[in-house]
Amino acid sequence: MEVNKDEAYRCLDRAEYYIVEGDVEKAEKFINKSKKLFPTSEADELLKKLKTQGSKKHSTSNVKPDGQNAKKRKNTPPGSPRADRANQPTYTKAQLDTVKKVNNCKDFYDVLSIKKDATDTEIKKAYKKLALVLHPDKNHAPGAAEAFKTVGNAVATLTDAEKRKRYDMVGHENSTSDHVHRNYDHGFESDITAEQLFNMFFNGAFPTRQGPMTNPYYTRSFSRRWPPETDNDNHQQQESSSIYFQLLPILLLLLLSLFSNFSYDPVYTLKHSAKYPVLRRTSFRDISYFVKDNFHTDYTGDLRRLEHTIEEDYINTVRTKCIREKEYYESLMWRARLDDDSTLFNKATKYQMKSCEEYQTLMKQKYK
């Protein structure tokens, strides 16, 4: 089903994270879950890659370390140079090569290994692949933090139409300088930190230095409870923040209307009040609206144009309600599937999106 497509891709993101962590069992579990929700070629490729890595790991696991060397490592006294080296963060050659490649790139397109006409989807896909490898909590190679910040600046710039246009005009001029190393990103830093940007893409599903999980939907032991009882406050706070961001444009419009009310009153409203007691209906869609008692004598404008504005205003209001209904439905389905909760699933399937039905009816009338 098309409704489950986003949830399927979220499962693939978590599977990629567990592959990087080396947890084959959980990675395979989320890949299979993604295929059940919405079959994709990406899931098949990732499962094939996982099985290939699993066979290689199985073949190398039969090689046992030399007993004498193992005994020496065990008996190494603390404080010795060998013990100090053992306590240092380790990294692979592949991780170091990736860090060097990113830090030696000439521009953001080179950083993400994409073409200059790449779409937003291609840009985000390239960022996810690099971010999982370069995250400082996973990659301890020298320069990993700088490379992680660079890929964050790259995706933040290239997915913003205005910033990308400005970068294409002036960004490459900075990259031609031989005197300044990596000057191509000067003036094109992301508005948020690389860590916050990463959490936006992966829903906070990567362990950070502050704790094993920044995502409040998961417990410390990665259990499948939704939501954990101890994190209810954090969960509510995160939901409130997302709602504020969604309602910000509407709040701005309300503020503008309030400031305009100091000079004059609106001609109509969509709700009945003591100031607007007279009910009227538009001639085309039969939309109800309310005006003042003196509307017939005081209003001298074009009534047809006014009713067109009223209908557009009403359609936008219904559309906003429809968006909220869809978000609520998707959150119910996501929680039900993640927690295998049949009660939530039944609640989601029975949930009626009345505003969406009304919006579809209005749009059909519009284009008849």
# chains A, B, ... in the order shown; residues from 1 in each chain; ligands from 1
>>> residues_around(residues="Ile19 in chain A", least_positions_apart="6", cutoff="10 Å", atoms="only C-alpha atoms", output="PDB file with all heavy atoms, in the first residue's frame")
ATOM      1  N   ASP A  13      16.110   2.586   6.842  1.00  0.00           N
ATOM      2  CA  ASP A  13      17.111   3.436   7.507  1.00  0.00           C
ATOM      3  C   ASP A  13      17.631   2.775   8.775  1.00  0.00           C
ATOM      4  O   ASP A  13      18.835   2.776   9.058  1.00  0.00           O
ATOM      5  CB  ASP A  13      16.499   4.806   7.846  1.00  0.00           C
ATOM      6  CG  ASP A  13      16.256   5.641   6.611  1.00  0.00           C
ATOM      7  OD1 ASP A  13      16.899   5.362   5.585  1.00  0.00           O
ATOM      8  OD2 ASP A  13      15.426   6.559   6.662  1.00  0.00           O
ATOM      9  N   GLU A  25      21.191  -9.646  12.871  1.00  0.00           N
ATOM     10  CA  GLU A  25      19.860 -10.159  13.163  1.00  0.00           C
ATOM     11  C   GLU A  25      18.812  -9.048  13.129  1.00  0.00           C
ATOM     12  O   GLU A  25      17.761  -9.172  12.501  1.00  0.00           O
ATOM     13  CB  GLU A  25      19.863 -10.834  14.540  1.00  0.00           C
ATOM     14  CG  GLU A  25      18.526 -11.479  14.903  1.00  0.00           C
ATOM     15  CD  GLU A  25      18.557 -12.147  16.277  1.00  0.00           C
ATOM     16  OE1 GLU A  25      19.665 -12.269  16.843  1.00  0.00           O
ATOM     17  OE2 GLU A  25      17.497 -12.534  16.758  1.00  0.00           O
ATOM     18  N   LYS A  26      19.106  -7.919  13.793  1.00  0.00           N
ATOM     19  CA  LYS A  26      18.146  -6.806  13.821  1.00  0.00           C
ATOM     20  C   LYS A  26      18.033  -6.152  12.451  1.00  0.00           C
ATOM     21  O   LYS A  26      16.952  -5.715  12.046  1.00  0.00           O
ATOM     22  CB  LYS A  26      18.560  -5.783  14.871  1.00  0.00           C
ATOM     23  CG  LYS A  26      18.327  -6.248  16.295  1.00  0.00           C
ATOM     24  CD  LYS A  26      18.556  -5.127  17.284  1.00  0.00           C
ATOM     25  CE  LYS A  26      18.256  -5.587  18.716  1.00  0.00           C
ATOM     26  NZ  LYS A  26      18.484  -4.516  19.702  1.00  0.00           N
ATOM     27  N   ALA A  27      19.164  -6.077  11.732  1.00  0.00           N
ATOM     28  CA  ALA A  27      19.129  -5.477  10.393  1.00  0.00           C
ATOM     29  C   ALA A  27      18.218  -6.285   9.476  1.00  0.00           C
ATOM     30  O   ALA A  27      17.378  -5.735   8.763  1.00  0.00           O
ATOM     31  CB  ALA A  27      20.535  -5.420   9.815  1.00  0.00           C
ATOM     32  N   GLU A  28      18.361  -7.625   9.505  1.00  0.00           N
ATOM     33  CA  GLU A  28      17.521  -8.473   8.668  1.00  0.00           C
ATOM     34  C   GLU A  28      16.049  -8.365   9.067  1.00  0.00           C
ATOM     35  O   GLU A  28      15.151  -8.377   8.224  1.00  0.00           O
ATOM     36  CB  GLU A  28      17.999  -9.925   8.777  1.00  0.00           C
ATOM     37  CG  GLU A  28      17.272 -10.872   7.833  1.00  0.00           C
ATOM     38  CD  GLU A  28      17.847 -12.276   7.868  1.00  0.00           C
ATOM     39  OE1 GLU A  28      18.827 -12.498   8.628  1.00  0.00           O
ATOM     40  OE2 GLU A  28      17.331 -13.135   7.141  1.00  0.00           O
ATOM     41  N   LEU A  46      19.559  -4.366  -0.194  1.00  0.00           N
ATOM     42  CA  LEU A  46      20.135  -4.309   1.144  1.00  0.00           C
ATOM     43  C   LEU A  46      20.183  -5.699   1.779  1.00  0.00           C
ATOM     44  O   LEU A  46      21.150  -6.045   2.461  1.00  0.00           O
ATOM     45  CB  LEU A  46      19.309  -3.359   2.017  1.00  0.00           C
ATOM     46  CG  LEU A  46      19.968  -2.881   3.325  1.00  0.00           C
ATOM     47  CD1 LEU A  46      21.256  -2.131   3.014  1.00  0.00           C
ATOM     48  CD2 LEU A  46      19.020  -1.962   4.073  1.00  0.00           C
ATOM     49  N   LYS A  49      23.033  -7.549   0.193  1.00  0.00           N
ATOM     50  CA  LYS A  49      24.293  -7.051   0.754  1.00  0.00           C
ATOM     51  C   LYS A  49      24.523  -7.609   2.154  1.00  0.00           C
ATOM     52  O   LYS A  49      25.641  -7.989   2.518  1.00  0.00           O
ATOM     53  CB  LYS A  49      24.249  -5.515   0.805  1.00  0.00           C
ATOM     54  CG  LYS A  49      25.448  -4.871   1.478  1.00  0.00           C
ATOM     55  CD  LYS A  49      25.249  -3.363   1.538  1.00  0.00           C
ATOM     56  CE  LYS A  49      26.372  -2.706   2.329  1.00  0.00           C
ATOM     57  NZ  LYS A  49      26.156  -1.241   2.459  1.00  0.00           N
ATOM     58  N   LEU A  50      23.447  -7.678   2.943  1.00  0.00           N
ATOM     59  CA  LEU A  50      23.559  -8.192   4.318  1.00  0.00           C
ATOM     60  C   LEU A  50      23.979  -9.655   4.317  1.00  0.00           C
ATOM     61  O   LEU A  50      24.835 -10.067   5.093  1.00  0.00           O
ATOM     62  CB  LEU A  50      22.207  -8.019   5.028  1.00  0.00           C
ATOM     63  CG  LEU A  50      22.139  -8.509   6.479  1.00  0.00           C
ATOM     64  CD1 LEU A  50      23.052  -7.665   7.360  1.00  0.00           C
ATOM     65  CD2 LEU A  50      20.720  -8.424   7.000  1.00  0.00           C
ATOM     66  N   GLN A  53      27.673  -9.940   3.410  1.00  0.00           N
ATOM     67  CA  GLN A  53      28.533  -9.609   4.550  1.00  0.00           C
ATOM     68  C   GLN A  53      28.511 -10.714   5.600  1.00  0.00           C
ATOM     69  O   GLN A  53      29.522 -11.034   6.205  1.00  0.00           O
ATOM     70  CB  GLN A  53      28.079  -8.287   5.180  1.00  0.00           C
ATOM     71  CG  GLN A  53      28.363  -7.073   4.336  1.00  0.00           C
ATOM     72  CD  GLN A  53      27.926  -5.799   5.018  1.00  0.00           C
ATOM     73  OE1 GLN A  53      27.269  -5.832   6.057  1.00  0.00           O
ATOM     74  NE2 GLN A  53      28.295  -4.658   4.445  1.00  0.00           N
ATOM     75  N   LEU A 132      26.080   7.779   7.813  1.00  0.00           N
ATOM     76  CA  LEU A 132      26.177   6.565   8.620  1.00  0.00           C
ATOM     77  C   LEU A 132      27.623   6.115   8.798  1.00  0.00           C
ATOM     78  O   LEU A 132      27.987   5.542   9.823  1.00  0.00           O
ATOM     79  CB  LEU A 132      25.360   5.441   7.974  1.00  0.00           C
ATOM     80  CG  LEU A 132      23.841   5.539   8.129  1.00  0.00           C
ATOM     81  CD1 LEU A 132      23.153   4.510   7.253  1.00  0.00           C
ATOM     82  CD2 LEU A 132      23.424   5.361   9.580  1.00  0.00           C
TER      83      LEU A 132
END
>>> closest_residue(among="A:Tyr289, A:Tyr351, A:Tyr314, A:Tyr268", to="Ser331 in chain A", atoms="only C-alpha atoms")
A:Tyr351
>>> residues_around(residues="Arg285 in chain A", least_positions_apart="6", cutoff="10 Å", atoms="only C-alpha atoms", output="PyMOL selection string")
chain A and resi 307-308+311+362+365-366
>>> residues_around(residues="range 293-305 of chain A", least_positions_apart="6", cutoff="8 Å", atoms="only C-alpha atoms", output="PyMOL selection string")
chain A and resi 267+276-278
>>> write_last_selection(atoms="N, CA, C and O atoms", output="compact mmCIF listing (two decimals), in the first residue's frame")
# COMPACT_ATOMS: atom_id res chain seq x y z
N VAL A 267 -14.73 41.91 6.05
CA VAL A 267 -16.08 41.98 5.50
C VAL A 267 -16.91 40.79 5.95
O VAL A 267 -18.13 40.91 6.14
N TYR A 276 -21.00 39.44 13.72
CA TYR A 276 -21.33 38.98 12.36
C TYR A 276 -22.50 37.99 12.46
O TYR A 276 -22.32 36.77 12.39
N PRO A 277 -23.71 38.50 12.63
CA PRO A 277 -24.86 37.61 12.89
C PRO A 277 -25.59 37.13 11.62
O PRO A 277 -26.37 36.18 11.68
N VAL A 278 -25.38 37.78 10.48
CA VAL A 278 -26.19 37.51 9.28
C VAL A 278 -25.57 36.37 8.48
O VAL A 278 -24.40 36.45 8.07
>>> atom_distance(atom1="CA of Ala126 in chain A", atom2="CA of Glu327 in chain A")
27.2 Å
>>> closest_atom_pairs(of="range 278-368 of chain A", to="range 37-40 of chain A", cutoff="12 Å", atoms="only C-alpha atoms", output="Markdown table")
| residue | atom | partner | partner_atom | distance |
| --- | --- | --- | --- | --- |
| A:Met333 | CA | A:Leu37 | CA | 11.0 |
| A:Trp334 | CA | A:Leu37 | CA | 10.6 |
| A:Arg337 | CA | A:Leu37 | CA | 9.4 |
| A:Leu338 | CA | A:Leu37 | CA | 11.4 |
>>> write_last_selection(atoms="all heavy atoms", output="compact mmCIF listing (two decimals), in the first residue's frame")
# COMPACT_ATOMS: atom_id res chain seq x y z
N MET A 333 -0.98 4.27 12.68
CA MET A 333 -0.54 3.07 11.97
C MET A 333 0.91 2.74 12.31
O MET A 333 1.27 1.58 12.52
CB MET A 333 -0.68 3.29 10.45
CG MET A 333 -2.11 3.39 9.97
SD MET A 333 -3.04 1.85 10.21
CE MET A 333 -2.25 0.77 9.04
N TRP A 334 1.75 3.77 12.40
CA TRP A 334 3.16 3.55 12.74
C TRP A 334 3.31 2.96 14.13
O TRP A 334 4.06 2.00 14.35
CB TRP A 334 3.91 4.87 12.61
CG TRP A 334 5.33 4.82 13.11
CD1 TRP A 334 5.84 5.38 14.23
CD2 TRP A 334 6.43 4.16 12.47
NE1 TRP A 334 7.16 5.11 14.34
CE2 TRP A 334 7.56 4.36 13.28
CE3 TRP A 334 6.57 3.40 11.31
CZ2 TRP A 334 8.80 3.84 12.96
CZ3 TRP A 334 7.81 2.89 11.00
CH2 TRP A 334 8.90 3.11 11.81
N ARG A 337 2.00 -0.78 14.17
CA ARG A 337 2.90 -1.77 13.55
C ARG A 337 4.18 -1.94 14.35
O ARG A 337 4.71 -3.04 14.46
CB ARG A 337 3.23 -1.33 12.13
CG ARG A 337 2.04 -1.51 11.19
CD ARG A 337 2.48 -1.41 9.73
NE ARG A 337 1.37 -1.75 8.85
CZ ARG A 337 0.50 -0.88 8.37
NH1 ARG A 337 0.60 0.38 8.72
NH2 ARG A 337 -0.47 -1.29 7.58
N LEU A 338 4.69 -0.85 14.89
CA LEU A 338 5.94 -0.95 15.65
C LEU A 338 5.75 -1.74 16.93
O LEU A 338 6.63 -2.48 17.36
CB LEU A 338 6.45 0.46 15.96
CG LEU A 338 7.86 0.52 16.53
CD1 LEU A 338 8.87 0.07 15.47
CD2 LEU A 338 8.20 1.91 17.00
>>> closest_residue(among="A:Ala94, A:Ala131, A:Val24, A:Leu332", to="Lys350 in chain A", atoms="only C-alpha atoms")
A:Leu332
>>> residues_around(residues="Leu270 in chain A", least_positions_apart="4", cutoff="9 Å", atoms="only C-alpha atoms", output="NGL selection string")
:A and (287-290 or 310 or 313-314)
>>> write_last_selection(atoms="N, CA, C and O atoms", output="PDB file, in the first residue's frame")
ATOM      1  N   ILE A 287     -21.277  27.698   0.231  1.00  0.00           N
ATOM      2  CA  ILE A 287     -20.485  27.781   1.459  1.00  0.00           C
ATOM      3  C   ILE A 287     -21.096  28.834   2.377  1.00  0.00           C
ATOM      4  O   ILE A 287     -21.392  29.955   1.951  1.00  0.00           O
ATOM      5  N   SER A 288     -21.287  28.493   3.650  1.00  0.00           N
ATOM      6  CA  SER A 288     -21.866  29.437   4.614  1.00  0.00           C
ATOM      7  C   SER A 288     -20.810  30.436   5.078  1.00  0.00           C
ATOM      8  O   SER A 288     -19.664  30.067   5.339  1.00  0.00           O
ATOM      9  N   TYR A 289     -21.231  31.714   5.170  1.00  0.00           N
ATOM     10  CA  TYR A 289     -20.376  32.738   5.763  1.00  0.00           C
ATOM     11  C   TYR A 289     -21.264  33.771   6.437  1.00  0.00           C
ATOM     12  O   TYR A 289     -22.488  33.799   6.223  1.00  0.00           O
ATOM     13  N   PHE A 290     -20.666  34.616   7.276  1.00  0.00           N
ATOM     14  CA  PHE A 290     -21.443  35.552   8.099  1.00  0.00           C
ATOM     15  C   PHE A 290     -20.943  36.976   7.883  1.00  0.00           C
ATOM     16  O   PHE A 290     -19.727  37.211   7.751  1.00  0.00           O
ATOM     17  N   ILE A 310     -14.075  33.904  -0.454  1.00  0.00           N
ATOM     18  CA  ILE A 310     -14.626  33.144   0.679  1.00  0.00           C
ATOM     19  C   ILE A 310     -14.476  31.643   0.438  1.00  0.00           C
ATOM     20  O   ILE A 310     -14.071  30.888   1.327  1.00  0.00           O
ATOM     21  N   ASP A 313     -10.867  30.577   0.832  1.00  0.00           N
ATOM     22  CA  ASP A 313     -10.528  30.590   2.248  1.00  0.00           C
ATOM     23  C   ASP A 313     -11.055  29.333   2.940  1.00  0.00           C
ATOM     24  O   ASP A 313     -10.353  28.678   3.734  1.00  0.00           O
ATOM     25  N   TYR A 314     -12.285  28.977   2.617  1.00  0.00           N
ATOM     26  CA  TYR A 314     -12.897  27.785   3.222  1.00  0.00           C
ATOM     27  C   TYR A 314     -12.172  26.510   2.777  1.00  0.00           C
ATOM     28  O   TYR A 314     -11.914  25.604   3.589  1.00  0.00           O
TER      29      TYR A 314
END
>>> closest_residue(among="A:Met363, A:Ala154, A:Cys322, A:Leu256", to="Lys106 in chain A", atoms="only C-alpha atoms")
A:Ala154
>>> decode(residues="range 299-343 of chain A", atoms="N, CA and C atoms", output="PDB file, in the first residue's frame")
ATOM      1  N   TYR A 299     -21.491  47.527   1.873  1.00  0.00           N
ATOM      2  CA  TYR A 299     -20.544  46.870   0.969  1.00  0.00           C
ATOM      3  C   TYR A 299     -20.818  47.287  -0.473  1.00  0.00           C
ATOM      4  N   THR A 300     -19.799  47.829  -1.126  1.00  0.00           N
ATOM      5  CA  THR A 300     -19.955  48.338  -2.500  1.00  0.00           C
ATOM      6  C   THR A 300     -19.043  47.606  -3.477  1.00  0.00           C
ATOM      7  N   GLY A 301     -18.351  46.550  -3.012  1.00  0.00           N
ATOM      8  CA  GLY A 301     -17.422  45.835  -3.886  1.00  0.00           C
ATOM      9  C   GLY A 301     -18.122  44.816  -4.772  1.00  0.00           C
ATOM     10  N   ASP A 302     -17.310  44.037  -5.491  1.00  0.00           N
ATOM     11  CA  ASP A 302     -17.805  42.999  -6.395  1.00  0.00           C
ATOM     12  C   ASP A 302     -18.175  41.767  -5.566  1.00  0.00           C
ATOM     13  N   LEU A 303     -19.463  41.454  -5.479  1.00  0.00           N
ATOM     14  CA  LEU A 303     -19.934  40.337  -4.654  1.00  0.00           C
ATOM     15  C   LEU A 303     -19.418  38.996  -5.189  1.00  0.00           C
ATOM     16  N   ARG A 304     -19.342  38.866  -6.498  1.00  0.00           N
ATOM     17  CA  ARG A 304     -18.866  37.606  -7.078  1.00  0.00           C
ATOM     18  C   ARG A 304     -17.405  37.346  -6.707  1.00  0.00           C
ATOM     19  N   ARG A 305     -16.588  38.381  -6.754  1.00  0.00           N
ATOM     20  CA  ARG A 305     -15.181  38.232  -6.381  1.00  0.00           C
ATOM     21  C   ARG A 305     -15.053  37.930  -4.893  1.00  0.00           C
ATOM     22  N   LEU A 306     -15.878  38.565  -4.064  1.00  0.00           N
ATOM     23  CA  LEU A 306     -15.850  38.306  -2.629  1.00  0.00           C
ATOM     24  C   LEU A 306     -16.187  36.840  -2.333  1.00  0.00           C
ATOM     25  N   GLU A 307     -17.225  36.323  -2.998  1.00  0.00           N
ATOM     26  CA  GLU A 307     -17.614  34.937  -2.751  1.00  0.00           C
ATOM     27  C   GLU A 307     -16.530  33.961  -3.230  1.00  0.00           C
ATOM     28  N   HIS A 308     -15.834  34.306  -4.294  1.00  0.00           N
ATOM     29  CA  HIS A 308     -14.716  33.474  -4.745  1.00  0.00           C
ATOM     30  C   HIS A 308     -13.622  33.432  -3.670  1.00  0.00           C
ATOM     31  N   THR A 309     -13.327  34.587  -3.066  1.00  0.00           N
ATOM     32  CA  THR A 309     -12.332  34.643  -1.982  1.00  0.00           C
ATOM     33  C   THR A 309     -12.790  33.817  -0.781  1.00  0.00           C
ATOM     34  N   ILE A 310     -14.075  33.904  -0.454  1.00  0.00           N
ATOM     35  CA  ILE A 310     -14.626  33.144   0.679  1.00  0.00           C
ATOM     36  C   ILE A 310     -14.476  31.643   0.438  1.00  0.00           C
ATOM     37  N   GLU A 311     -14.769  31.201  -0.762  1.00  0.00           N
ATOM     38  CA  GLU A 311     -14.677  29.772  -1.072  1.00  0.00           C
ATOM     39  C   GLU A 311     -13.233  29.284  -1.013  1.00  0.00           C
ATOM     40  N   GLU A 312     -12.288  30.079  -1.512  1.00  0.00           N
ATOM     41  CA  GLU A 312     -10.868  29.704  -1.432  1.00  0.00           C
ATOM     42  C   GLU A 312     -10.404  29.643   0.026  1.00  0.00           C
ATOM     43  N   ASP A 313     -10.867  30.577   0.832  1.00  0.00           N
ATOM     44  CA  ASP A 313     -10.528  30.590   2.248  1.00  0.00           C
ATOM     45  C   ASP A 313     -11.055  29.333   2.940  1.00  0.00           C
ATOM     46  N   TYR A 314     -12.285  28.977   2.617  1.00  0.00           N
ATOM     47  CA  TYR A 314     -12.897  27.785   3.222  1.00  0.00           C
ATOM     48  C   TYR A 314     -12.172  26.510   2.777  1.00  0.00           C
ATOM     49  N   ILE A 315     -11.826  26.414   1.498  1.00  0.00           N
ATOM     50  CA  ILE A 315     -11.108  25.238   0.983  1.00  0.00           C
ATOM     51  C   ILE A 315      -9.756  25.086   1.681  1.00  0.00           C
ATOM     52  N   ASN A 316      -9.041  26.188   1.869  1.00  0.00           N
ATOM     53  CA  ASN A 316      -7.743  26.131   2.557  1.00  0.00           C
ATOM     54  C   ASN A 316      -7.894  25.663   4.004  1.00  0.00           C
ATOM     55  N   THR A 317      -8.981  26.101   4.652  1.00  0.00           N
ATOM     56  CA  THR A 317      -9.234  25.669   6.030  1.00  0.00           C
ATOM     57  C   THR A 317      -9.500  24.168   6.095  1.00  0.00           C
ATOM     58  N   VAL A 318     -10.311  23.671   5.174  1.00  0.00           N
ATOM     59  CA  VAL A 318     -10.602  22.229   5.140  1.00  0.00           C
ATOM     60  C   VAL A 318      -9.347  21.438   4.808  1.00  0.00           C
ATOM     61  N   ARG A 319      -8.536  21.958   3.906  1.00  0.00           N
ATOM     62  CA  ARG A 319      -7.284  21.273   3.532  1.00  0.00           C
ATOM     63  C   ARG A 319      -6.343  21.154   4.724  1.00  0.00           C
ATOM     64  N   THR A 320      -6.247  22.200   5.535  1.00  0.00           N
ATOM     65  CA  THR A 320      -5.403  22.159   6.727  1.00  0.00           C
ATOM     66  C   THR A 320      -5.886  21.081   7.700  1.00  0.00           C
ATOM     67  N   LYS A 321      -7.203  20.999   7.882  1.00  0.00           N
ATOM     68  CA  LYS A 321      -7.759  19.967   8.757  1.00  0.00           C
ATOM     69  C   LYS A 321      -7.481  18.567   8.209  1.00  0.00           C
ATOM     70  N   CYS A 322      -7.531  18.433   6.892  1.00  0.00           N
ATOM     71  CA  CYS A 322      -7.259  17.141   6.251  1.00  0.00           C
ATOM     72  C   CYS A 322      -5.823  16.698   6.496  1.00  0.00           C
ATOM     73  N   ILE A 323      -4.890  17.640   6.405  1.00  0.00           N
ATOM     74  CA  ILE A 323      -3.477  17.317   6.650  1.00  0.00           C
ATOM     75  C   ILE A 323      -3.291  16.808   8.075  1.00  0.00           C
ATOM     76  N   ARG A 324      -3.948  17.455   9.033  1.00  0.00           N
ATOM     77  CA  ARG A 324      -3.834  17.007  10.432  1.00  0.00           C
ATOM     78  C   ARG A 324      -4.421  15.603  10.607  1.00  0.00           C
ATOM     79  N   GLU A 325      -5.539  15.337   9.924  1.00  0.00           N
ATOM     80  CA  GLU A 325      -6.154  14.010  10.023  1.00  0.00           C
ATOM     81  C   GLU A 325      -5.228  12.936   9.458  1.00  0.00           C
ATOM     82  N   LYS A 326      -4.579  13.228   8.326  1.00  0.00           N
ATOM     83  CA  LYS A 326      -3.656  12.262   7.731  1.00  0.00           C
ATOM     84  C   LYS A 326      -2.460  12.002   8.636  1.00  0.00           C
ATOM     85  N   GLU A 327      -1.936  13.056   9.240  1.00  0.00           N
ATOM     86  CA  GLU A 327      -0.795  12.888  10.147  1.00  0.00           C
ATOM     87  C   GLU A 327      -1.175  12.039  11.358  1.00  0.00           C
ATOM     88  N   TYR A 328      -2.378  12.267  11.871  1.00  0.00           N
ATOM     89  CA  TYR A 328      -2.838  11.485  13.012  1.00  0.00           C
ATOM     90  C   TYR A 328      -3.014  10.015  12.628  1.00  0.00           C
ATOM     91  N   TYR A 329      -3.596   9.786  11.438  1.00  0.00           N
ATOM     92  CA  TYR A 329      -3.786   8.402  10.961  1.00  0.00           C
ATOM     93  C   TYR A 329      -2.450   7.692  10.780  1.00  0.00           C
ATOM     94  N   GLU A 330      -1.473   8.369  10.169  1.00  0.00           N
ATOM     95  CA  GLU A 330      -0.161   7.750   9.944  1.00  0.00           C
ATOM     96  C   GLU A 330       0.551   7.461  11.262  1.00  0.00           C
ATOM     97  N   SER A 331       0.405   8.354  12.233  1.00  0.00           N
ATOM     98  CA  SER A 331       1.040   8.108  13.532  1.00  0.00           C
ATOM     99  C   SER A 331       0.414   6.894  14.220  1.00  0.00           C
ATOM    100  N   LEU A 332      -0.911   6.736  14.091  1.00  0.00           N
ATOM    101  CA  LEU A 332      -1.572   5.561  14.678  1.00  0.00           C
ATOM    102  C   LEU A 332      -1.077   4.272  14.020  1.00  0.00           C
ATOM    103  N   MET A 333      -0.984   4.266  12.679  1.00  0.00           N
ATOM    104  CA  MET A 333      -0.535   3.073  11.966  1.00  0.00           C
ATOM    105  C   MET A 333       0.906   2.740  12.309  1.00  0.00           C
ATOM    106  N   TRP A 334       1.747   3.773  12.403  1.00  0.00           N
ATOM    107  CA  TRP A 334       3.160   3.552  12.736  1.00  0.00           C
ATOM    108  C   TRP A 334       3.306   2.956  14.131  1.00  0.00           C
ATOM    109  N   ARG A 335       2.582   3.511  15.084  1.00  0.00           N
ATOM    110  CA  ARG A 335       2.663   3.005  16.452  1.00  0.00           C
ATOM    111  C   ARG A 335       2.116   1.585  16.546  1.00  0.00           C
ATOM    112  N   ALA A 336       1.031   1.314  15.808  1.00  0.00           N
ATOM    113  CA  ALA A 336       0.418  -0.020  15.856  1.00  0.00           C
ATOM    114  C   ALA A 336       1.357  -1.075  15.286  1.00  0.00           C
ATOM    115  N   ARG A 337       2.001  -0.783  14.169  1.00  0.00           N
ATOM    116  CA  ARG A 337       2.895  -1.767  13.555  1.00  0.00           C
ATOM    117  C   ARG A 337       4.182  -1.935  14.351  1.00  0.00           C
ATOM    118  N   LEU A 338       4.690  -0.853  14.894  1.00  0.00           N
ATOM    119  CA  LEU A 338       5.937  -0.948  15.646  1.00  0.00           C
ATOM    120  C   LEU A 338       5.751  -1.736  16.926  1.00  0.00           C
ATOM    121  N   ASP A 339       4.571  -1.587  17.528  1.00  0.00           N
ATOM    122  CA  ASP A 339       4.321  -2.247  18.804  1.00  0.00           C
ATOM    123  C   ASP A 339       3.447  -3.495  18.658  1.00  0.00           C
ATOM    124  N   ASP A 340       3.097  -3.841  17.410  1.00  0.00           N
ATOM    125  CA  ASP A 340       2.216  -4.989  17.161  1.00  0.00           C
ATOM    126  C   ASP A 340       0.937  -4.911  18.003  1.00  0.00           C
ATOM    127  N   ASP A 341       0.364  -3.711  18.035  1.00  0.00           N
ATOM    128  CA  ASP A 341      -0.810  -3.443  18.861  1.00  0.00           C
ATOM    129  C   ASP A 341      -2.058  -3.518  17.979  1.00  0.00           C
ATOM    130  N   SER A 342      -2.856  -4.582  18.137  1.00  0.00           N
ATOM    131  CA  SER A 342      -4.047  -4.752  17.321  1.00  0.00           C
ATOM    132  C   SER A 342      -5.120  -3.705  17.647  1.00  0.00           C
ATOM    133  N   THR A 343      -5.164  -3.251  18.906  1.00  0.00           N
ATOM    134  CA  THR A 343      -6.160  -2.237  19.292  1.00  0.00           C
ATOM    135  C   THR A 343      -5.907  -0.924  18.560  1.00  0.00           C
TER     136      THR A 343
END
